[in-house]
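Structure, as structure tokens:
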Amino acid sequence: MIANILDGIVLGLQLGLLAAGLTLVYGLGGVLNLAYGQVAVISAMVVAFALDAGVPALPAVGLGLLAGGLLGLLLDLTILRPVYRLRGEARVLLSLLLTLGVSFIVDGFLNWRYPLEALTLRIGGGAVEILGVPMRRGSLVASAITLATFAGLFVFFRYTSLGRAVRSVIEDEEGARLVGIYPNWMLRLILIMSGALAALVAVTRSMVTPVDTTSGLSITVFALIVTVVGGLGNVAGAMLAGIILGIVNVVAADLIGTYISLIILLGAAAVTILIRPAGLLGVKE
Amino acid sequence: MLEVTGLSAGYQGNDVVHDVAFHVDPGEAVMIIGSNGAGKTTLFRAMCGLLSPSSGRVLFEGDDITRIPAERIARLGMRFVSAERHLFPRMTVQENLLLGAYPRRPDPETMSIVLDLFPRLAERRRQHAGTMSGGEQQMLAVGRALMSKPRLLVLDEPSTGLAPLLAQATYEALGVLRKRGLTVLVAEQQVPLAMAFSDRGYVLENGFIRLQGTTEELAANPSVRHAYLGVT
């Protein structure tokens with residue numbers, strides 16, 4: 001049981017970070033990016049190709065993060081342009097449809113050209129014992145990176161003027177404009193950040209389990225479930241919901257089976273919508 | 001400092017304000033008075049870049065700022081304090097004030113001037129803006145605008161939703177700012193408050209400027225006295 005909970009926390013931290021990237025873009029710009037998982041997968045493939053080409057691990061990961069950020073920027077500069085002209089629900093809906101289309105195209109291309117490519121990052125060294133449970137070093141490194149990234153996000157949003165400017169747009173877009181903040185620049189910045197976060201999660205995930213070219217959809221679905229449970233536009237909620245759902249997922253998979261565990265996760269999201277429509281840490285509008 | 005000519009604006013092709021012209025000179029306090037629905041808010045939104053006017057021109061310090069987005073106008077030194085205030089509710093008073101100076105580094109001297117002017121904000125620095133009373137939120141909205149050291153402060157109905165004493169206190173603070181040389185343009189339907197504060201004024205009715213003059217002239221005008229000052 002303790003082993004399951006620890007594994008759940010390892011998974012949950014990554015789910016939380018994954019959801020943070022999705023929820024920030026939604027909270028800031030009312031844009032739901034369903035090609036989010038594909039951004040993660042393409043970044044993972046960039047790392048895999050770089051490793052194949054003999055690039056050392058750290059620079060290869062750096063290239064992957066760069067690719068994630070650039071893909072976010074690319075979305076902002078191309079497919080999201082018409083989305084920005086709309087407001088409210090129409091904006092959410094168009095962003096959802098266009099990015100879903102992008103995800104199909106990316107999935108189709110990857111499965112056609114690189115059906116067997118996968119990213120696995122092996123972290124050397126033996127298991128480390130935690131609370132009497134032997135944990136793989138890869139899991140621990142992945143969790144440490146994820147926690148450090150969360151800490152970095154916290155510092156950025158709380159203590160830097162750029163981070164505060166991003167939050168102000170989430171709080172009140174007109175208010176932000178009235179103090180001279182350009183909402184579109186903030187959204188572009190957050191899309192780049194979101195792409196890099198997706199890439200980072202793909203990389204840390206590959207330390208625990210292989211990330212292959214078909215992983216995109218499941219990454220997006222996991223991110224969406226955690227986002228809904230945590231509350232849209234809420235990074236702290238994403239982290240909390242990620243950890244809870246990570247534990248639920250691992251325990252349910254162990255007790256009942258992997259397929260059923262996904263249904264349980266979806267059920268958790270449905271119950272959350274019924275009981276707390278704004279999410280665990282969400283604020284009512 | 002500010003010159004508006006022939007400005008018409010509205011929503012979905014229906015103009016609410018028509019061919020409005022007025023100006024504000026440096027160091028002046030100018031009021032635009034009118035009843036609820038006269039078009040004061042539409043006029044200010046069109047002037048400050050939140051709404052695209054259908055015709056007309058807005059010049060600020062000689063530069064044409066017609067149809068320039070609000071975020072750029074805010075950086076030019078003309079700050080708009082909306083009647084809805086548009087604070088950042090889940091951020092602290094301190095954070096709201098710091099954002100007022102964005103993108104420049106907040107100036108500690110300006111911060112202490114603002115906190116001296118509104119001591120309540122100093123007491124509530126760590127409190128979330130959304131949990132404060134209406135009067136405190138109004139102080140914060142003005143304080144946030146002041147953090148950027150604007151040359152022109154534009155206020156839309158600063159007395160909205162405030163108890164009479166608090167509305168008066170808000171105007172007293174604006175009076176202090178005026179004496180220090182700040183140029184202020186204010187829209188107000190509580191006309192006596194605005195009159196005690198302004199040098200000149202314009203009367204906006206059904207989207208048209210009907211009257212203009214010094215505060216004394218307007219206060220002596222029988223129709224203004226009748227419609228806005230409750231004198232029969």
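Letters A, B, ... go to the chains of the structure tokens in the order shown; residues in each chain start at 1; ligands are counted from 1 in the same order.
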Please return as a PyMOL selection string: the residues of range 22-133 of chain B that backbone DSSP assigns to alpha helix (DSSP H). chain B and resi 40-47+70-76+93-100+108-117+119-123
Next, dump the selected residues to file, keeping only N, CA and C atoms, as a short mmCIF file (atom, residue, chain, number, x, y, z; two decimals), in the first residue's frame.
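See part-v9.cif below for the written result:
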data_model
loop_
_atom_site.label_atom_id
_atom_site.label_comp_id
_atom_site.auth_asym_id
_atom_site.auth_seq_id
_atom_site.Cartn_x
_atom_site.Cartn_y
_atom_site.Cartn_z
N LYS B 40 -21.67 59.21 -20.25
CA LYS B 40 -20.36 59.56 -19.69
C LYS B 40 -19.39 58.39 -19.79
N THR B 41 -19.87 57.20 -19.40
CA THR B 41 -18.97 56.04 -19.42
C THR B 41 -18.56 55.67 -20.84
N THR B 42 -19.52 55.72 -21.77
CA THR B 42 -19.20 55.42 -23.18
C THR B 42 -18.16 56.40 -23.71
N LEU B 43 -18.34 57.67 -23.38
CA LEU B 43 -17.40 58.70 -23.81
C LEU B 43 -15.99 58.38 -23.30
N PHE B 44 -15.88 58.06 -22.01
CA PHE B 44 -14.57 57.79 -21.43
C PHE B 44 -13.95 56.52 -21.98
N ARG B 45 -14.79 55.50 -22.20
CA ARG B 45 -14.25 54.25 -22.73
C ARG B 45 -13.70 54.45 -24.15
N ALA B 46 -14.39 55.28 -24.93
CA ALA B 46 -13.93 55.53 -26.30
C ALA B 46 -12.64 56.35 -26.28
N MET B 47 -12.53 57.23 -25.30
CA MET B 47 -11.37 58.11 -25.20
C MET B 47 -10.13 57.35 -24.71
N ALA B 70 -6.12 50.51 -25.05
CA ALA B 70 -6.05 51.05 -23.69
C ALA B 70 -4.69 50.82 -23.04
N GLU B 71 -4.09 49.62 -23.29
CA GLU B 71 -2.84 49.31 -22.61
C GLU B 71 -1.71 50.25 -23.05
N ARG B 72 -1.79 50.74 -24.31
CA ARG B 72 -0.76 51.67 -24.75
C ARG B 72 -1.01 53.06 -24.21
N ILE B 73 -2.28 53.46 -24.19
CA ILE B 73 -2.62 54.78 -23.65
C ILE B 73 -2.19 54.87 -22.18
N ALA B 74 -2.41 53.76 -21.44
CA ALA B 74 -2.03 53.76 -20.02
C ALA B 74 -0.54 54.02 -19.87
N ARG B 75 0.26 53.51 -20.81
CA ARG B 75 1.71 53.71 -20.72
C ARG B 75 2.14 55.11 -21.14
N LEU B 76 1.24 55.83 -21.83
CA LEU B 76 1.59 57.18 -22.27
C LEU B 76 1.46 58.21 -21.16
N VAL B 93 -3.34 44.17 -1.65
CA VAL B 93 -3.31 45.62 -1.90
C VAL B 93 -1.93 46.02 -2.42
N GLN B 94 -0.90 45.48 -1.75
CA GLN B 94 0.47 45.76 -2.16
C GLN B 94 0.70 45.37 -3.62
N GLU B 95 0.27 44.16 -4.00
CA GLU B 95 0.49 43.68 -5.37
C GLU B 95 -0.27 44.54 -6.38
N ASN B 96 -1.49 44.94 -6.02
CA ASN B 96 -2.27 45.82 -6.90
C ASN B 96 -1.51 47.13 -7.14
N LEU B 97 -0.93 47.67 -6.05
CA LEU B 97 -0.21 48.94 -6.19
C LEU B 97 1.06 48.75 -7.03
N LEU B 98 1.79 47.64 -6.78
CA LEU B 98 3.01 47.41 -7.54
C LEU B 98 2.70 47.29 -9.03
N LEU B 99 1.57 46.63 -9.35
CA LEU B 99 1.20 46.47 -10.75
C LEU B 99 0.87 47.81 -11.39
N GLY B 100 0.46 48.78 -10.57
CA GLY B 100 0.16 50.10 -11.12
C GLY B 100 1.36 50.71 -11.81
N PRO B 108 9.69 53.69 -4.70
CA PRO B 108 9.31 53.70 -3.28
C PRO B 108 8.74 55.04 -2.83
N GLU B 109 9.23 56.13 -3.44
CA GLU B 109 8.76 57.45 -3.07
C GLU B 109 7.28 57.62 -3.44
N THR B 110 6.94 57.19 -4.67
CA THR B 110 5.54 57.27 -5.10
C THR B 110 4.67 56.40 -4.21
N MET B 111 5.20 55.20 -3.87
CA MET B 111 4.46 54.30 -2.99
C MET B 111 4.16 54.99 -1.66
N SER B 112 5.14 55.70 -1.08
CA SER B 112 4.87 56.31 0.22
C SER B 112 3.94 57.51 0.07
N ILE B 113 3.99 58.19 -1.08
CA ILE B 113 3.03 59.29 -1.31
C ILE B 113 1.60 58.73 -1.33
N VAL B 114 1.43 57.60 -2.05
CA VAL B 114 0.09 57.00 -2.15
C VAL B 114 -0.39 56.52 -0.78
N LEU B 115 0.51 55.89 -0.02
CA LEU B 115 0.10 55.37 1.28
C LEU B 115 -0.15 56.49 2.29
N ASP B 116 0.53 57.63 2.11
CA ASP B 116 0.24 58.80 2.97
C ASP B 116 -1.13 59.37 2.66
N LEU B 117 -1.45 59.37 1.35
CA LEU B 117 -2.72 59.92 0.91
C LEU B 117 -3.88 59.02 1.37
N PRO B 119 -4.13 56.31 4.05
CA PRO B 119 -3.53 55.50 5.13
C PRO B 119 -4.21 54.13 5.29
N ARG B 120 -5.50 54.05 4.90
CA ARG B 120 -6.18 52.76 5.01
C ARG B 120 -5.49 51.68 4.18
N LEU B 121 -4.95 52.08 3.03
CA LEU B 121 -4.27 51.11 2.18
C LEU B 121 -3.01 50.58 2.86
N ALA B 122 -2.34 51.46 3.61
CA ALA B 122 -1.13 51.03 4.32
C ALA B 122 -1.49 49.98 5.37
N GLU B 123 -2.64 50.21 6.06
CA GLU B 123 -3.07 49.24 7.07
C GLU B 123 -3.41 47.89 6.45
#
Find the spatial neighbours of Gln14 in chain A, counting only C-alpha atoms, within a cut-off of 12 Å - ignore same-chain residues fewer than 3 positions away - and output them as a ChimeraX atom specification. /A:7-11,17-21,139-150,197-208,219,222-223,226,238-247
Kindly export the residues of the current selection with N, CA and C atoms, as a CSV table (one decimal), in the first residue's frame.
chain,number,residue,atom,x,y,z
A,7,ASP,N,4.3,5.6,-5.4
A,7,ASP,CA,4.2,5.6,-6.9
A,7,ASP,C,3.2,6.6,-7.3
A,8,GLY,N,2.0,6.7,-6.6
A,8,GLY,CA,1.0,7.6,-6.9
A,8,GLY,C,1.4,9.0,-6.8
A,9,ILE,N,2.2,9.3,-5.8
A,9,ILE,CA,2.7,10.7,-5.6
A,9,ILE,C,3.7,11.1,-6.8
A,10,VAL,N,4.5,10.1,-7.2
A,10,VAL,CA,5.5,10.3,-8.3
A,10,VAL,C,4.7,10.7,-9.5
A,11,LEU,N,3.6,9.8,-9.8
A,11,LEU,CA,2.8,10.1,-11.0
A,11,LEU,C,2.0,11.4,-10.8
A,17,LEU,N,1.9,19.0,-12.8
A,17,LEU,CA,2.7,19.9,-13.6
A,17,LEU,C,2.1,20.0,-15.0
A,18,LEU,N,1.7,18.8,-15.5
A,18,LEU,CA,1.1,18.7,-16.8
A,18,LEU,C,-0.2,19.6,-16.8
A,19,ALA,N,-1.0,19.5,-15.8
A,19,ALA,CA,-2.3,20.2,-15.8
A,19,ALA,C,-2.0,21.7,-15.6
A,20,ALA,N,-0.9,22.1,-14.9
A,20,ALA,CA,-0.6,23.5,-14.7
A,20,ALA,C,-0.4,24.2,-16.1
A,21,GLY,N,0.3,23.5,-17.0
A,21,GLY,CA,0.5,24.1,-18.3
A,21,GLY,C,-0.8,24.3,-19.0
A,139,SER,N,12.4,7.5,-10.7
A,139,SER,CA,11.2,8.1,-10.1
A,139,SER,C,11.6,9.3,-9.2
A,140,LEU,N,12.7,9.1,-8.5
A,140,LEU,CA,13.0,10.2,-7.5
A,140,LEU,C,13.6,11.4,-8.3
A,141,VAL,N,14.4,11.2,-9.3
A,141,VAL,CA,14.9,12.3,-10.1
A,141,VAL,C,13.8,13.0,-10.7
A,142,ALA,N,12.8,12.3,-11.3
A,142,ALA,CA,11.7,12.9,-12.0
A,142,ALA,C,10.9,13.7,-11.0
A,143,SER,N,10.6,13.2,-9.8
A,143,SER,CA,9.9,13.9,-8.8
A,143,SER,C,10.6,15.2,-8.3
A,144,ALA,N,11.9,15.0,-8.1
A,144,ALA,CA,12.7,16.2,-7.7
A,144,ALA,C,12.6,17.3,-8.7
A,145,ILE,N,12.8,17.0,-10.0
A,145,ILE,CA,12.7,18.0,-11.1
A,145,ILE,C,11.3,18.6,-11.1
A,146,THR,N,10.3,17.8,-10.9
A,146,THR,CA,8.9,18.3,-10.9
A,146,THR,C,8.7,19.3,-9.8
A,147,LEU,N,9.1,18.9,-8.6
A,147,LEU,CA,8.9,19.7,-7.4
A,147,LEU,C,9.7,21.1,-7.6
A,148,ALA,N,10.9,21.0,-8.1
A,148,ALA,CA,11.7,22.2,-8.3
A,148,ALA,C,11.0,23.1,-9.3
A,149,THR,N,10.4,22.5,-10.3
A,149,THR,CA,9.7,23.3,-11.3
A,149,THR,C,8.5,24.0,-10.7
A,150,PHE,N,7.7,23.3,-9.8
A,150,PHE,CA,6.6,23.9,-9.1
A,150,PHE,C,7.1,25.1,-8.3
A,197,LEU,N,6.6,23.3,-20.4
A,197,LEU,CA,6.1,22.4,-19.3
A,197,LEU,C,5.7,21.0,-19.8
A,198,ALA,N,5.0,21.0,-20.9
A,198,ALA,CA,4.6,19.8,-21.5
A,198,ALA,C,5.8,18.9,-21.9
A,199,ALA,N,6.8,19.6,-22.4
A,199,ALA,CA,8.1,18.9,-22.8
A,199,ALA,C,8.7,18.4,-21.6
A,200,LEU,N,8.8,19.2,-20.5
A,200,LEU,CA,9.4,18.7,-19.3
A,200,LEU,C,8.7,17.5,-18.7
A,201,VAL,N,7.4,17.5,-18.7
A,201,VAL,CA,6.7,16.4,-18.1
A,201,VAL,C,6.9,15.1,-19.0
A,202,ALA,N,7.0,15.3,-20.3
A,202,ALA,CA,7.3,14.2,-21.2
A,202,ALA,C,8.7,13.6,-20.8
A,203,VAL,N,9.6,14.5,-20.6
A,203,VAL,CA,11.0,14.1,-20.3
A,203,VAL,C,11.0,13.3,-18.9
A,204,THR,N,10.4,13.9,-17.9
A,204,THR,CA,10.4,13.3,-16.6
A,204,THR,C,9.7,12.0,-16.6
A,205,ARG,N,8.6,11.9,-17.4
A,205,ARG,CA,7.8,10.7,-17.5
A,205,ARG,C,8.6,9.6,-18.1
A,206,SER,N,9.5,10.0,-19.0
A,206,SER,CA,10.3,8.9,-19.7
A,206,SER,C,11.4,8.4,-18.8
A,207,MET,N,11.5,9.0,-17.6
A,207,MET,CA,12.5,8.4,-16.7
A,207,MET,C,11.8,7.2,-15.9
A,208,VAL,N,10.5,7.2,-16.0
A,208,VAL,CA,9.7,6.2,-15.3
A,208,VAL,C,9.2,5.1,-16.2
A,219,ILE,N,-2.0,11.9,-22.7
A,219,ILE,CA,-1.4,13.0,-21.9
A,219,ILE,C,-2.4,14.1,-21.9
A,222,PHE,N,-5.4,13.1,-19.5
A,222,PHE,CA,-5.0,13.2,-18.1
A,222,PHE,C,-4.9,14.7,-17.6
A,223,ALA,N,-4.3,15.5,-18.5
A,223,ALA,CA,-4.2,16.9,-18.1
A,223,ALA,C,-5.5,17.6,-17.9
A,226,VAL,N,-7.2,16.4,-14.6
A,226,VAL,CA,-6.6,17.0,-13.4
A,226,VAL,C,-7.0,18.5,-13.4
A,238,ALA,N,-4.1,22.5,-9.4
A,238,ALA,CA,-3.6,21.5,-10.3
A,238,ALA,C,-2.6,20.6,-9.6
A,239,MET,N,-1.8,21.2,-8.8
A,239,MET,CA,-0.8,20.3,-8.0
A,239,MET,C,-1.5,19.4,-7.1
A,240,LEU,N,-2.5,20.0,-6.3
A,240,LEU,CA,-3.2,19.2,-5.3
A,240,LEU,C,-4.0,18.0,-6.0
A,241,ALA,N,-4.7,18.4,-7.1
A,241,ALA,CA,-5.6,17.4,-7.8
A,241,ALA,C,-4.7,16.4,-8.4
A,242,GLY,N,-3.5,16.8,-8.9
A,242,GLY,CA,-2.6,15.9,-9.6
A,242,GLY,C,-2.1,14.8,-8.6
A,243,ILE,N,-1.8,15.2,-7.4
A,243,ILE,CA,-1.3,14.2,-6.4
A,243,ILE,C,-2.4,13.3,-6.0
A,244,ILE,N,-3.6,13.9,-5.7
A,244,ILE,CA,-4.8,13.0,-5.3
A,244,ILE,C,-5.1,12.0,-6.4
A,245,LEU,N,-5.2,12.5,-7.6
A,245,LEU,CA,-5.6,11.6,-8.7
A,245,LEU,C,-4.5,10.6,-9.1
A,246,GLY,N,-3.2,11.0,-8.9
A,246,GLY,CA,-2.1,10.1,-9.1
A,246,GLY,C,-2.2,8.9,-8.2
A,247,ILE,N,-2.5,9.2,-6.9
A,247,ILE,CA,-2.6,8.1,-5.9
A,247,ILE,C,-3.8,7.3,-6.2
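Considering the residues A:Ala252, A:Ile190, A:Ile170, A:Val221 and counting only C-alpha atoms, chain B has its shortest atom-to-atom contact with A:Ile170.
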Check every residue of chain A for an atom within 6 Å of chain B, counting only C-alpha atoms, and provide those that qualify as a VMD selection string. chain A and resid 171 to 172 175 177 to 182
Write out as a PDB file with C-alpha atoms, in the first residue's frame which residues come within 8 Å of Ala194 in chain B when counting only C-alpha atoms, dropping same-chain ones fewer than 4 positions away.
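Saved the output as part.pdb:
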ATOM      1  CA  MET B  31     -15.801  67.705 -14.785  1.00  0.00           C
ATOM      2  CA  ILE B  33     -21.614  66.037 -15.460  1.00  0.00           C
ATOM      3  CA  TYR B 171     -12.914  63.978  -3.543  1.00  0.00           C
ATOM      4  CA  VAL B 186     -13.835  63.435 -13.791  1.00  0.00           C
ATOM      5  CA  GLU B 188     -19.879  62.534 -12.102  1.00  0.00           C
ATOM      6  CA  GLN B 190     -23.402  63.592  -8.001  1.00  0.00           C
ATOM      7  CA  SER B 198     -13.524  71.391 -10.547  1.00  0.00           C
TER       8      SER B 198
END
Long-range neighbours of Pro26 in chain B as a ChimeraX atom specification, 9 Å cut-off, only C-alpha atoms, 2 positions minimum in chain: /B:1-2,24,28-29,151-152,181-184
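One distance worth recording is that between CA of Leu6 in chain A and CA of Ala196 in chain A, which is 25.9 Å.
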Take CA of Gly37 in chain B and CA of Asn206 in chain B and report the distance between them in Å, one decimal.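 The value is 7.4 Å.
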For a test of reading the model, state the distance in Å between CA of Leu140 in chain B and CA of Arg180 in chain B, rounded to one decimal.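 Here the two named atoms are 19.2 Å from each other.
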Near Glu117 in chain A, counting only C-alpha atoms, which residues have an atom at most 9 Å away, once you skip same-chain residues fewer than 2 positions from it, shown as a PyMOL selection string? chain A and resi 45+48-49+110+114-115+119+211-213
Just-selected residues, C-alpha atoms written as a PDB file, in the first residue's frame:
ATOM      1  CA  MET A  45      10.728  12.774 -30.003  1.00  0.00           C
ATOM      2  CA  ALA A  48      14.912  10.836 -28.604  1.00  0.00           C
ATOM      3  CA  PHE A  49      16.317  11.830 -32.023  1.00  0.00           C
ATOM      4  CA  LEU A 110       3.988  10.540 -36.138  1.00  0.00           C
ATOM      5  CA  TYR A 114       7.870   7.086 -36.630  1.00  0.00           C
ATOM      6  CA  PRO A 115       5.607   4.293 -35.379  1.00  0.00           C
ATOM      7  CA  LEU A 119      11.792   8.066 -25.461  1.00  0.00           C
ATOM      8  CA  VAL A 211       6.876   7.913 -23.935  1.00  0.00           C
ATOM      9  CA  ASP A 212       5.989   6.836 -27.483  1.00  0.00           C
ATOM     10  CA  THR A 213       4.335   8.488 -30.474  1.00  0.00           C
TER      11      THR A 213
END
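Each of A:Ala236, A:Val106, A:Val83, A:Ala165 was compared to Ile42 in chain A using only C-alpha atoms, and A:Val106 turns out to be the nearest.
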Run DSSP on the backbone of this structure and report the residues of range 24-221 of chain A it assigns to strand (DSSP E or B), as an NGL selection string. :A and (118-119 or 128-130 or 133-135 or 211-212)
